[in-house]
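Enquirer: I am sharing query_26.txt, which consists of compact mmCIF, C-alpha atoms and all ligand atoms:
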```txt
# COMPACT_ATOMS: atom_id res chain seq x y z
CA MET A 168 -121.26 -57.63 69.53
CA ALA A 169 -121.52 -59.16 72.99
CA GLN A 170 -120.22 -57.00 75.79
CA PRO A 171 -117.37 -58.60 77.78
CA ALA A 172 -118.52 -59.61 81.24
CA SER A 173 -118.25 -56.70 83.66
CA THR A 174 -117.65 -58.95 86.65
CA TYR A 175 -115.40 -61.88 87.42
CA ARG A 176 -115.34 -64.64 90.02
CA ALA A 177 -112.82 -64.60 92.83
CA VAL A 178 -112.35 -66.40 96.12
CA HIS A 179 -111.53 -64.00 98.91
CA ALA A 180 -110.71 -64.32 102.58
CA VAL A 181 -113.33 -62.55 104.71
CA GLY A 182 -112.03 -63.44 108.18
CA PRO A 183 -109.64 -65.85 109.85
CA GLY A 184 -109.76 -69.17 107.98
CA GLN A 185 -112.80 -68.13 105.93
CA LEU A 186 -112.67 -68.28 102.13
CA GLU A 187 -115.76 -67.33 100.09
CA LEU A 188 -116.60 -67.24 96.41
CA ALA A 189 -117.52 -63.73 95.26
CA LYS A 190 -118.24 -61.66 92.16
CA LYS A 191 -116.08 -58.58 91.68
CA PRO A 192 -116.34 -55.70 89.21
CA LEU A 193 -113.87 -55.67 86.36
CA THR A 194 -111.60 -52.62 86.49
CA ASP A 195 -108.99 -51.18 84.15
CA PRO A 196 -105.33 -51.57 85.09
CA PRO A 197 -103.86 -48.40 86.62
CA LEU A 198 -100.59 -46.76 85.62
CA GLY A 199 -97.76 -49.27 85.39
CA HIS A 200 -100.06 -52.29 85.80
CA VAL A 201 -101.58 -54.98 83.59
CA ARG A 202 -104.84 -56.93 83.88
CA ILE A 203 -104.51 -60.70 83.64
CA ARG A 204 -107.04 -63.43 82.83
CA VAL A 205 -105.82 -65.95 85.35
CA GLU A 206 -105.61 -69.57 84.17
CA ALA A 207 -104.04 -71.20 87.24
CA CYS A 208 -102.88 -70.24 90.72
CA GLY A 209 -100.91 -72.32 93.18
CA VAL A 210 -101.87 -72.58 96.84
CA CYS A 211 -98.87 -71.79 99.04
CA HIS A 212 -98.41 -72.06 102.80
CA SER A 213 -97.64 -68.32 102.82
CA ASP A 214 -101.30 -67.76 101.86
CA THR A 215 -101.84 -68.03 105.62
CA ALA A 216 -100.58 -64.43 105.69
CA THR A 217 -103.91 -63.49 104.13
CA VAL A 218 -106.32 -66.23 105.11
CA GLU A 219 -105.31 -66.51 108.77
CA GLY A 220 -104.25 -62.88 109.10
CA VAL A 221 -100.65 -63.76 109.96
CA PHE A 222 -99.70 -60.45 108.33
CA PRO A 223 -101.68 -57.28 109.06
CA ILE A 224 -104.54 -57.66 106.61
CA GLN A 225 -107.62 -55.81 105.45
CA TRP A 226 -110.36 -58.32 104.66
CA PRO A 227 -111.86 -59.09 102.24
CA ARG A 228 -108.70 -59.94 100.35
CA VAL A 229 -108.06 -62.37 97.46
CA PRO A 230 -105.01 -64.53 98.30
CA GLY A 231 -102.68 -66.22 95.82
CA HIS A 232 -99.17 -65.45 94.65
CA GLU A 233 -98.45 -68.24 92.17
CA ALA A 234 -100.67 -66.92 89.39
CA VAL A 235 -100.36 -67.61 85.66
CA GLY A 236 -102.53 -66.11 82.95
CA ARG A 237 -102.73 -63.97 79.84
CA ILE A 238 -102.55 -60.20 79.77
CA ASP A 239 -105.87 -58.82 78.53
CA ALA A 240 -105.33 -55.10 79.20
CA VAL A 241 -102.23 -52.95 79.60
CA GLY A 242 -102.23 -49.78 81.69
CA ASP A 243 -100.51 -46.53 80.81
CA GLY A 244 -96.76 -46.43 81.23
CA VAL A 245 -96.23 -50.17 80.71
CA GLU A 246 -93.48 -51.09 78.29
CA GLY A 247 -92.25 -54.51 77.24
CA TRP A 248 -95.50 -56.40 77.89
CA ALA A 249 -98.38 -56.92 75.48
CA VAL A 250 -101.97 -58.11 75.42
CA GLY A 251 -102.10 -61.89 74.85
CA GLN A 252 -98.76 -62.60 76.49
CA ARG A 253 -98.76 -65.36 79.13
CA VAL A 254 -97.22 -64.17 82.37
CA GLY A 255 -96.65 -65.23 85.95
CA VAL A 256 -97.05 -63.27 89.18
CA GLY A 257 -95.19 -64.28 92.33
CA PHE A 258 -95.11 -63.18 95.96
CA LEU A 259 -93.22 -59.94 95.32
CA GLY A 260 -95.68 -57.56 93.71
CA GLY A 261 -93.20 -55.53 91.64
CA SER A 262 -90.28 -53.32 92.58
CA CYS A 263 -90.41 -49.50 92.54
CA GLY A 264 -87.18 -48.76 90.67
CA HIS A 265 -86.24 -45.73 92.78
CA CYS A 266 -85.47 -46.87 96.36
CA LEU A 267 -81.86 -47.51 97.40
CA PRO A 268 -81.99 -51.35 97.14
CA CYS A 269 -83.60 -51.03 93.67
CA ARG A 270 -80.94 -48.55 92.57
CA ASN A 271 -78.36 -51.04 93.80
CA GLY A 272 -79.98 -53.76 91.70
CA ASP A 273 -81.41 -55.62 94.70
CA LEU A 274 -85.01 -55.86 93.52
CA VAL A 275 -86.00 -58.48 96.09
CA SER A 276 -85.22 -55.99 98.87
CA CYS A 277 -87.22 -53.12 97.32
CA GLN A 278 -88.63 -51.02 100.16
CA ASN A 279 -91.80 -50.10 98.31
CA GLN A 280 -92.84 -53.52 97.16
CA ALA A 281 -96.23 -54.93 98.07
CA TYR A 282 -96.86 -58.66 98.55
CA THR A 283 -99.26 -60.19 96.06
CA GLY A 284 -102.48 -61.39 97.66
CA VAL A 285 -101.61 -59.60 100.90
CA GLN A 286 -101.67 -55.83 100.34
CA HIS A 287 -103.58 -56.19 97.06
CA ASP A 288 -105.72 -58.92 95.53
CA GLY A 289 -103.96 -62.03 94.21
CA GLY A 290 -104.60 -65.01 91.97
CA TYR A 291 -107.48 -66.98 93.53
CA ALA A 292 -109.56 -65.31 90.81
CA GLU A 293 -110.44 -65.27 87.14
CA VAL A 294 -108.92 -61.80 86.83
CA MET A 295 -106.18 -59.95 88.66
CA ILE A 296 -104.29 -56.68 88.35
CA ALA A 297 -100.50 -56.84 88.64
CA LYS A 298 -97.65 -54.35 88.55
CA ALA A 299 -95.64 -54.80 85.35
CA SER A 300 -92.27 -54.65 87.13
CA GLY A 301 -93.06 -57.90 88.96
CA LEU A 302 -94.15 -59.99 85.96
CA MET A 303 -92.43 -63.16 84.83
CA SER A 304 -92.50 -64.59 81.33
CA VAL A 305 -94.01 -68.09 80.97
CA PRO A 306 -92.56 -70.33 78.23
CA ASP A 307 -94.99 -72.05 75.81
CA ASP A 308 -93.67 -75.47 76.84
CA LEU A 309 -95.19 -75.18 80.31
CA SER A 310 -98.91 -75.46 81.00
CA SER A 311 -100.27 -72.76 83.30
CA ALA A 312 -100.98 -75.31 86.04
CA ALA A 313 -97.45 -76.71 85.80
CA ALA A 314 -95.89 -73.24 85.84
CA ALA A 315 -97.88 -71.90 88.82
CA PRO A 316 -96.03 -73.58 91.74
CA LEU A 317 -92.70 -72.75 90.13
CA LEU A 318 -93.41 -69.02 90.68
CA CYS A 319 -92.99 -69.28 94.46
CA ALA A 320 -91.89 -72.76 95.59
CA GLY A 321 -89.77 -73.16 92.45
CA LEU A 322 -88.31 -69.67 92.34
CA THR A 323 -87.48 -69.71 96.06
CA THR A 324 -85.47 -72.92 95.88
CA PHE A 325 -83.94 -72.31 92.43
CA SER A 326 -82.84 -68.77 93.34
CA ALA A 327 -81.36 -69.83 96.70
CA LEU A 328 -79.34 -72.61 95.08
CA ARG A 329 -78.23 -70.47 92.16
CA ASN A 330 -77.07 -67.66 94.46
CA SER A 331 -75.44 -70.01 97.00
CA SER A 332 -71.73 -70.63 97.42
CA ALA A 333 -72.03 -74.26 96.22
CA LYS A 334 -70.31 -75.24 92.98
CA ALA A 335 -70.94 -78.20 90.69
CA GLY A 336 -69.96 -81.43 92.40
CA ASP A 337 -70.33 -80.00 95.93
CA LEU A 338 -72.57 -81.70 98.48
CA VAL A 339 -75.90 -79.89 98.87
CA ALA A 340 -78.48 -81.06 101.39
CA VAL A 341 -82.20 -80.40 101.22
CA LEU A 342 -83.94 -80.53 104.59
CA GLY A 343 -87.60 -81.46 104.20
CA ILE A 344 -89.23 -83.12 101.21
CA GLY A 345 -92.45 -81.18 100.86
CA GLY A 346 -93.73 -78.44 98.58
CA LEU A 347 -90.39 -76.63 98.42
CA GLY A 348 -88.15 -79.59 99.13
CA HIS A 349 -89.37 -81.85 96.33
CA LEU A 350 -88.47 -79.10 93.86
CA ALA A 351 -85.19 -78.25 95.59
CA VAL A 352 -83.96 -81.85 95.27
CA GLN A 353 -84.68 -81.82 91.52
CA TYR A 354 -83.05 -78.43 90.95
CA ALA A 355 -79.98 -79.39 92.99
CA ARG A 356 -79.56 -82.60 91.00
CA HIS A 357 -79.89 -80.84 87.66
CA MET A 358 -77.50 -78.06 88.69
CA GLY A 359 -74.82 -80.70 89.12
CA PHE A 360 -74.56 -81.04 92.88
CA GLU A 361 -74.18 -84.19 94.96
CA VAL A 362 -77.58 -84.19 96.63
CA ALA A 363 -78.55 -85.41 100.08
CA ALA A 364 -82.24 -85.27 101.01
CA ILE A 365 -83.10 -85.20 104.71
CA GLY A 366 -86.56 -86.37 105.74
CA ARG A 367 -88.26 -87.85 108.78
CA GLY A 368 -88.94 -91.56 108.43
CA ALA A 369 -87.87 -94.21 105.94
CA ASP A 370 -90.99 -93.87 103.79
CA LYS A 371 -89.68 -90.89 101.81
CA ALA A 372 -86.43 -92.59 100.75
CA ASN A 373 -87.78 -93.90 97.43
CA LEU A 374 -89.38 -90.60 96.52
CA ALA A 375 -86.17 -88.70 97.37
CA ARG A 376 -84.14 -90.96 95.09
CA LYS A 377 -86.75 -90.72 92.33
CA LEU A 378 -86.49 -86.92 92.52
CA GLY A 379 -82.73 -87.22 92.04
CA ALA A 380 -81.18 -87.40 95.53
CA HIS A 381 -77.94 -89.39 95.68
CA HIS A 382 -78.39 -89.95 99.42
CA TYR A 383 -81.37 -90.11 101.74
CA ILE A 384 -80.90 -89.30 105.42
CA ASP A 385 -83.69 -90.40 107.75
CA SER A 386 -83.51 -87.88 110.59
CA ALA A 387 -85.63 -90.14 112.82
CA ALA A 388 -82.99 -92.87 112.64
CA THR A 389 -79.73 -90.95 112.15
CA ASN A 390 -78.16 -87.69 113.26
CA PRO A 391 -78.32 -85.62 110.03
CA ALA A 392 -75.19 -83.59 110.84
CA GLU A 393 -73.12 -86.74 111.40
CA ALA A 394 -74.50 -88.28 108.22
CA LEU A 395 -73.57 -85.16 106.22
CA GLN A 396 -70.07 -85.15 107.71
CA ALA A 397 -69.70 -88.81 106.71
CA PHE A 398 -70.21 -87.63 103.11
CA GLY A 399 -67.58 -84.90 103.59
CA GLY A 400 -69.76 -82.06 104.89
CA ALA A 401 -72.34 -80.01 103.02
CA ALA A 402 -71.48 -76.80 101.20
CA VAL A 403 -75.10 -75.76 101.53
CA VAL A 404 -78.16 -76.95 103.42
CA LEU A 405 -81.46 -75.67 102.06
CA ALA A 406 -83.77 -75.73 105.07
CA THR A 407 -87.22 -75.98 103.49
CA ALA A 408 -88.99 -77.42 106.53
CA SER A 409 -90.67 -74.97 108.90
CA ALA A 410 -88.84 -76.29 111.95
CA GLY A 411 -86.13 -74.18 113.56
CA ARG A 412 -84.71 -77.05 115.59
CA ALA A 413 -84.29 -79.29 112.53
CA ALA A 414 -82.50 -76.46 110.68
CA ALA A 415 -80.20 -75.80 113.66
CA ASP A 416 -79.37 -79.51 113.83
CA THR A 417 -77.87 -79.43 110.32
CA VAL A 418 -75.33 -76.67 111.03
CA LYS A 419 -72.76 -79.14 112.37
CA GLY A 420 -73.14 -81.01 109.06
CA LEU A 421 -71.67 -78.11 107.09
CA ARG A 422 -68.15 -78.15 105.74
CA PRO A 423 -65.93 -75.14 106.58
CA ARG A 424 -67.55 -71.94 105.25
CA GLY A 425 -70.72 -73.84 104.50
CA GLU A 426 -74.13 -72.18 104.84
CA VAL A 427 -77.61 -73.11 105.96
CA ILE A 428 -80.18 -71.17 103.94
CA ALA A 429 -83.51 -70.86 105.73
CA LEU A 430 -86.48 -70.92 103.34
CA GLY A 431 -89.30 -72.31 105.49
CA ALA A 432 -91.42 -69.44 106.81
CA THR A 433 -91.78 -70.00 110.54
CA GLU A 434 -91.63 -68.15 113.84
CA ASP A 435 -89.84 -71.16 115.28
CA PRO A 436 -86.43 -69.95 116.55
CA ILE A 437 -83.22 -71.39 115.10
CA GLU A 438 -81.13 -71.78 118.26
CA LEU A 439 -77.38 -72.07 117.86
CA SER A 440 -74.24 -71.69 119.87
CA SER A 441 -71.75 -69.26 118.36
CA PHE A 442 -69.23 -72.13 118.58
CA ASP A 443 -71.27 -73.88 115.87
CA LEU A 444 -70.69 -70.89 113.63
CA LEU A 445 -67.26 -69.46 114.38
CA PHE A 446 -65.27 -72.69 114.25
CA SER A 447 -65.27 -73.47 110.51
CA SER A 448 -66.78 -70.02 109.74
CA ARG A 449 -70.22 -71.40 109.06
CA SER A 450 -73.26 -69.24 108.47
CA VAL A 451 -77.02 -69.33 108.62
CA LYS A 452 -78.95 -66.98 106.39
CA GLY A 453 -82.32 -66.48 104.80
CA ALA A 454 -83.45 -65.99 101.23
CA LEU A 455 -86.71 -64.47 100.04
CA THR A 456 -88.02 -65.82 96.72
CA GLY A 457 -86.18 -64.13 93.79
CA THR A 458 -86.18 -61.43 91.15
CA PRO A 459 -88.52 -61.57 88.15
CA ALA A 460 -85.56 -62.34 85.86
CA THR A 461 -84.61 -65.27 88.11
CA GLY A 462 -88.26 -66.30 87.83
CA ASP A 463 -87.90 -66.38 84.04
CA ALA A 464 -84.76 -68.48 84.50
CA THR A 465 -86.56 -70.83 86.92
CA LEU A 466 -89.26 -71.54 84.35
CA LYS A 467 -86.78 -71.92 81.50
CA PHE A 468 -84.47 -74.18 83.53
CA SER A 469 -87.46 -76.31 84.55
CA VAL A 470 -88.35 -76.85 80.89
CA LEU A 471 -84.74 -77.58 79.88
CA SER A 472 -84.14 -80.05 82.71
CA GLY A 473 -87.62 -81.56 83.04
CA VAL A 474 -88.07 -80.39 86.63
CA GLU A 475 -91.75 -80.52 87.55
CA ALA A 476 -93.78 -79.83 90.63
CA MET A 477 -96.04 -82.70 91.69
CA ILE A 478 -99.47 -81.08 91.67
CA GLU A 479 -103.11 -81.72 92.33
CA THR A 480 -105.51 -79.36 90.60
CA MET A 481 -108.92 -78.17 91.76
CA PRO A 482 -111.27 -75.68 90.13
CA LEU A 483 -111.32 -72.14 91.57
CA GLU A 484 -114.64 -72.63 93.38
CA ARG A 485 -113.02 -75.38 95.48
CA ALA A 486 -110.31 -73.03 96.76
CA ALA A 487 -111.31 -73.52 100.40
CA GLU A 488 -110.93 -77.29 100.02
CA ALA A 489 -107.57 -76.91 98.27
CA TYR A 490 -106.37 -74.54 100.99
CA ALA A 491 -107.53 -76.91 103.74
CA LYS A 492 -105.72 -79.82 102.09
CA MET A 493 -102.52 -77.77 101.88
CA MET A 494 -102.87 -76.79 105.55
CA SER A 495 -103.46 -80.41 106.63
CA GLY A 496 -100.08 -81.37 105.16
CA LYS A 497 -101.78 -84.01 103.01
CA ALA A 498 -101.12 -82.30 99.66
CA ARG A 499 -98.59 -84.18 97.51
CA PHE A 500 -97.13 -81.67 97.01
CA ARG A 501 -98.72 -78.51 95.61
CA MET A 502 -102.39 -77.66 95.19
CA VAL A 503 -103.17 -75.63 92.07
CA LEU A 504 -106.45 -73.85 91.35
CA THR A 505 -107.59 -73.79 87.73
CA MET A 506 -109.99 -71.33 86.13
CA ALA A 507 -112.33 -72.53 83.38
ZN ZN B 601 -95.46 -68.83 98.31
ZN ZN B 602 -87.59 -50.17 95.20
```
The structure given in the file should be rewritten as structure tokens.

Expert:
Amino acid sequence: MAQPASTYRAVHAVGPGQLELAKKPLTDPPLGHVRIRVEACGVCHSDTATVEGVFPIQWPRVPGHEAVGRIDAVGDGVEGWAVGQRVGVGFLGGSCGHCLPCRNGDLVSCQNQAYTGVQHDGGYAEVMIAKASGLMSVPDDLSSAAAAPLLCAGLTTFSALRNSSAKAGDLVAVLGIGGLGHLAVQYARHMGFEVAAIGRGADKANLARKLGAHHYIDSAATNPAEALQAFGGAAVVLATASAGRAAADTVKGLRPRGEVIALGATEDPIELSSFDLLFSSRSVKGALTGTPATGDATLKFSVLSGVEAMIETMPLERAAEAYAKMMSGKARFRMVLTMA
């Protein structure tokens, strides 16, 4: 019988902006972990944490936190997951189960949770090791490439909307029609909201409507807050664009007790006057991806409603090119690496 290969191919970051193809030795999954044969991995802007060293990082490190593949080995102490099962791994590397947030059921805020592809190797690889408590279950109706971007971009927007104060029929605005935004518009429409998409320029109007937006607001031509108020005021604005000023500019478009939820990862400050908040009791808050169970729901809801990420695939060995295309802003809208 042929021995299974003892190495696998991975693309790792070796220094700022440098991605290289490498061979790595196959290892057994440790306690509480599984080993996955990766079939697809999305390229996310947060991969800059690893590739550019935005987060403290120890190179070499394999980025990638939108990984889908099949379990091929199960470590000791893992229950509920089996060899052959297709699973997804997102940004949150698996909660600990014993810290205070975990014991309160707030798995996203676990204090002992590593970030996939940051503190340990991620999905730009044929094989990865993942903690079982962070796994998501991938339905058969989704291809691995289609499921991959839903594990971060999808989960982030789906979870924020699902946990927001908006109810069916309420006006929900999506600021930015990019990797996150093009999914957020679809989810908002299928969750039963009145959807306003806010983009810069008239050229995205058709796309926004095709994705399900009832209204398109061109922020280059109109004041978005005034436009939202003309529709009655938004219950929720999902700020998916990485621009603090643009997010701040939507606050006056909220109805009383409305909320802006910041999802775009940026250092750009969101500058507000407290008057913008206290009159009408508005709020601005953040949301970090979601729990694994919400990830399962994201994938299931996507199948049920036909929500899809617009993707461009590239084979693993072209990871540097896929990453560069994502960074250039020219990806429409998510790059996905595929493994043969
Ligand atoms: Zn991400
Ligand atoms: Zn914990």

Enquirer: Counting all atoms listed in the file, what is within 10 Å of segment 193-201 of chain A, bar same-chain residues fewer than 2 positions away, as a PyMOL selection string?

Expert: chain A and resi 171-176+190-191+203+237-246+248-250+261+294-302

Enquirer: Could you please extract the residues within 8 Å of ligand ZN 601 (chain B), counting only C-alpha atoms and all ligand atoms, and hand them back as a ChimeraX atom specification?

Expert: /A:210-214,232-233,257-258,318-320

Enquirer: The selected residues should be written to file as an mmCIF file, in the coordinates of the input (atoms: C-alpha atoms).

Expert:
```cif
data_model
loop_
_atom_site.group_PDB
_atom_site.id
_atom_site.type_symbol
_atom_site.label_atom_id
_atom_site.label_comp_id
_atom_site.auth_asym_id
_atom_site.auth_seq_id
_atom_site.Cartn_x
_atom_site.Cartn_y
_atom_site.Cartn_z
ATOM 1 C CA VAL A 210 -101.870 -72.580 96.840
ATOM 2 C CA CYS A 211 -98.870 -71.790 99.040
ATOM 3 C CA HIS A 212 -98.410 -72.060 102.800
ATOM 4 C CA SER A 213 -97.640 -68.320 102.820
ATOM 5 C CA ASP A 214 -101.300 -67.760 101.860
ATOM 6 C CA HIS A 232 -99.170 -65.450 94.650
ATOM 7 C CA GLU A 233 -98.450 -68.240 92.170
ATOM 8 C CA GLY A 257 -95.190 -64.280 92.330
ATOM 9 C CA PHE A 258 -95.110 -63.180 95.960
ATOM 10 C CA LEU A 318 -93.410 -69.020 90.680
ATOM 11 C CA CYS A 319 -92.990 -69.280 94.460
ATOM 12 C CA ALA A 320 -91.890 -72.760 95.590
#
```

Enquirer: Contacts of Pro436 of chain A at 10 Å or less, counting only C-alpha atoms, minus same-chain residues fewer than 5 places along, as number ranges by chain?

Expert: A: 410-412, 414-415

Enquirer: Residues within 8 Å of Ala507 of chain A, please, as number ranges by chain. Count only C-alpha atoms; anything in the same chain fewer than 2 positions from it doesn't count.

Expert: A: 206, 482, 505

Enquirer: With distances taken over only C-alpha atoms, which of A:Asp288, A:Asp416, A:Asp385, A:Glu434 is nearest to Ala372 of chain A?

Expert: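 Result for the nearest residue to Ala372 of chain A: A:Asp385.
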
Enquirer: Can I get the residues of chain A within 8 Å of ligand ZN 602 (chain B), each with the closest pair of atoms and their distance in Å to one decimal, using all atoms listed in the file, sorted chain first then ascending number, as a tab-separated table?

Expert:
```
residue	atom	partner	partner_atom	distance
A:Ser262	CA	B:ZN602	ZN	4.9
A:Cys263	CA	B:ZN602	ZN	3.9
A:Gly264	CA	B:ZN602	ZN	4.8
A:His265	CA	B:ZN602	ZN	5.2
A:Cys266	CA	B:ZN602	ZN	4.1
A:Leu267	CA	B:ZN602	ZN	6.7
A:Pro268	CA	B:ZN602	ZN	6.0
A:Cys269	CA	B:ZN602	ZN	4.4
A:Arg270	CA	B:ZN602	ZN	7.3
A:Leu274	CA	B:ZN602	ZN	6.5
A:Ser276	CA	B:ZN602	ZN	7.3
A:Cys277	CA	B:ZN602	ZN	3.7
A:Gln278	CA	B:ZN602	ZN	5.1
A:Asn279	CA	B:ZN602	ZN	5.2
A:Gln280	CA	B:ZN602	ZN	6.5
```

Enquirer: Could you save the residues just selected, with C-alpha atoms, as a PDB file, keeping the file's coordinate frame?

Expert:
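Output saved as result-v2.pdb:
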```
ATOM      1  CA  SER A 262     -90.280 -53.320  92.580  1.00  0.00           C
ATOM      2  CA  CYS A 263     -90.410 -49.500  92.540  1.00  0.00           C
ATOM      3  CA  GLY A 264     -87.180 -48.760  90.670  1.00  0.00           C
ATOM      4  CA  HIS A 265     -86.240 -45.730  92.780  1.00  0.00           C
ATOM      5  CA  CYS A 266     -85.470 -46.870  96.360  1.00  0.00           C
ATOM      6  CA  LEU A 267     -81.860 -47.510  97.400  1.00  0.00           C
ATOM      7  CA  PRO A 268     -81.990 -51.350  97.140  1.00  0.00           C
ATOM      8  CA  CYS A 269     -83.600 -51.030  93.670  1.00  0.00           C
ATOM      9  CA  ARG A 270     -80.940 -48.550  92.570  1.00  0.00           C
ATOM     10  CA  LEU A 274     -85.010 -55.860  93.520  1.00  0.00           C
ATOM     11  CA  SER A 276     -85.220 -55.990  98.870  1.00  0.00           C
ATOM     12  CA  CYS A 277     -87.220 -53.120  97.320  1.00  0.00           C
ATOM     13  CA  GLN A 278     -88.630 -51.020 100.160  1.00  0.00           C
ATOM     14  CA  ASN A 279     -91.800 -50.100  98.310  1.00  0.00           C
ATOM     15  CA  GLN A 280     -92.840 -53.520  97.160  1.00  0.00           C
TER      16      GLN A 280
END
```

Enquirer: Find the spatial neighbours of Thr215 of chain A, counting all atoms listed in the file, within a cut-off of 12 Å - ignore same-chain residues fewer than 6 positions away - and output them as an MDAnalysis selection string.

Expert: chainID A and resid 180 182:186 221:224 228:232 284:285 432:433 490:491 493:494

Enquirer: Could you tell me how far atom CA of Pro459 of chain A lies from atom CA of Leu259 of chain A, in Å and to one decimal?

Expert: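 For atom CA of Pro459 of chain A relative to atom CA of Leu259 of chain A, the distance reads 8.7 Å.
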
Enquirer: So which residues are close to (-68.9, -79.4, 89.5), meaning at most 10 Å away in the file's coordinates with all atoms listed in the file counted, and can you show them as number ranges by chain?

Expert: A: 333-338, 358-361

Enquirer: Choose the residue, out of A:Ala388, A:Ala292, A:Ala429, A:Met303, that has the smallest atom-to-atom separation from Leu328 of chain A; count all atoms listed in the file.

Expert: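 Result for the nearest residue to Leu328 of chain A: A:Ala429.
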
Enquirer: Counting only C-alpha atoms, figure out which residue out of A:Gly379, A:Val418, A:Thr480, A:Lys467 gets nearest to Ser450 of chain A.

Expert: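 Residue with the minimum atom-to-atom distance to Ser450 of chain A: A:Val418.
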
Enquirer: Here is a test: counting all atoms listed in the file, which residue of A:Leu309, A:Leu188, A:Ile344, A:Leu350 is nearest to Glu484 of chain A?

Expert: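 With all atoms listed in the file as the atom set, the closest residue is A:Leu188.
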
Enquirer: Find the residue from A:Met506, A:Val339, A:Val362, A:Leu466 that sits nearest to Leu421 of chain A; use all atoms listed in the file when measuring.

Expert: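 Closest to Leu421 of chain A, using all atoms listed in the file: A:Val339.
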
Enquirer: Please tabulate, as CSV, the residues of segment 207-316 of chain A that come within 7 Å of segment 470-478 of chain A, each with its closest pair of atoms and the distance in Å to one decimal, counting all atoms listed in the file and ordering rows by chain, then residue number upward.

Expert:
```
residue,atom,partner,partner_atom,distance
A:Asp308,CA,A:Val470,CA,6.8
A:Ala313,CA,A:Ala476,CA,6.8
A:Pro316,CA,A:Ala476,CA,6.7
```

Enquirer: Select, from A:Gln286, A:Leu405, A:Ala216, A:Glu293, the residue with the minimum atom-to-atom distance to Pro192 of chain A, counting all atoms listed in the file.

Expert: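 Of all the options, A:Glu293 lies closest to Pro192 of chain A.
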
Enquirer: Can you pull out every residue within 6 Å of Ala234 of chain A, counting all atoms listed in the file, but drop anything in the same chain fewer than 3 positions away, and send it as a list in words?

Expert: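 Counting all atoms listed in the file, the residues come to Ala207, Cys208, Gly255, Val256, Gly290 and Ala315 of chain A.
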
Enquirer: So how far away is atom CA of Asn373 of chain A from atom CA of Arg329 of chain A, in Å?

Expert: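 Going from atom CA of Arg329 of chain A over to atom CA of Asn373 of chain A, I get 25.8 Å.
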
Enquirer: Quick check, in Å to one decimal: how far apart do atom CA of Ala189 of chain A and atom CA of Ala177 of chain A lie?

Expert: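 Atom CA of Ala177 of chain A lies 5.4 Å from atom CA of Ala189 of chain A.
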
Enquirer: For segment 480-492 of chain A, which lacks atoms in the input, supply N, CA and C atoms and format the output as a tab-separated table (two decimals), in the coordinates of the input.

Expert:
```tsv
chain	number	residue	atom	x	y	z
A	480	THR	N	-104.74	-80.55	90.97
A	480	THR	CA	-105.51	-79.36	90.60
A	480	THR	C	-106.94	-79.46	91.13
A	481	MET	N	-107.50	-78.29	91.39
A	481	MET	CA	-108.92	-78.17	91.76
A	481	MET	C	-109.45	-76.90	91.11
A	482	PRO	N	-110.72	-76.90	90.71
A	482	PRO	CA	-111.27	-75.68	90.13
A	482	PRO	C	-111.35	-74.56	91.18
A	483	LEU	N	-111.32	-73.32	90.70
A	483	LEU	CA	-111.32	-72.14	91.57
A	483	LEU	C	-112.35	-72.21	92.69
A	484	GLU	N	-113.57	-72.66	92.36
A	484	GLU	CA	-114.64	-72.63	93.38
A	484	GLU	C	-114.36	-73.58	94.55
A	485	ARG	N	-113.38	-74.48	94.37
A	485	ARG	CA	-113.02	-75.38	95.48
A	485	ARG	C	-111.77	-74.89	96.21
A	486	ALA	N	-111.52	-73.59	96.15
A	486	ALA	CA	-110.31	-73.03	96.76
A	486	ALA	C	-110.21	-73.34	98.26
A	487	ALA	N	-111.34	-73.27	98.95
A	487	ALA	CA	-111.31	-73.52	100.40
A	487	ALA	C	-110.85	-74.94	100.69
A	488	GLU	N	-111.31	-75.87	99.86
A	488	GLU	CA	-110.93	-77.29	100.02
A	488	GLU	C	-109.43	-77.48	99.71
A	489	ALA	N	-108.98	-76.81	98.65
A	489	ALA	CA	-107.57	-76.91	98.27
A	489	ALA	C	-106.69	-76.32	99.37
A	490	TYR	N	-107.11	-75.20	99.91
A	490	TYR	CA	-106.37	-74.54	100.99
A	490	TYR	C	-106.32	-75.44	102.23
A	491	ALA	N	-107.46	-76.04	102.56
A	491	ALA	CA	-107.53	-76.91	103.74
A	491	ALA	C	-106.63	-78.13	103.56
A	492	LYS	N	-106.57	-78.66	102.35
A	492	LYS	CA	-105.72	-79.82	102.09
A	492	LYS	C	-104.24	-79.44	102.23
```
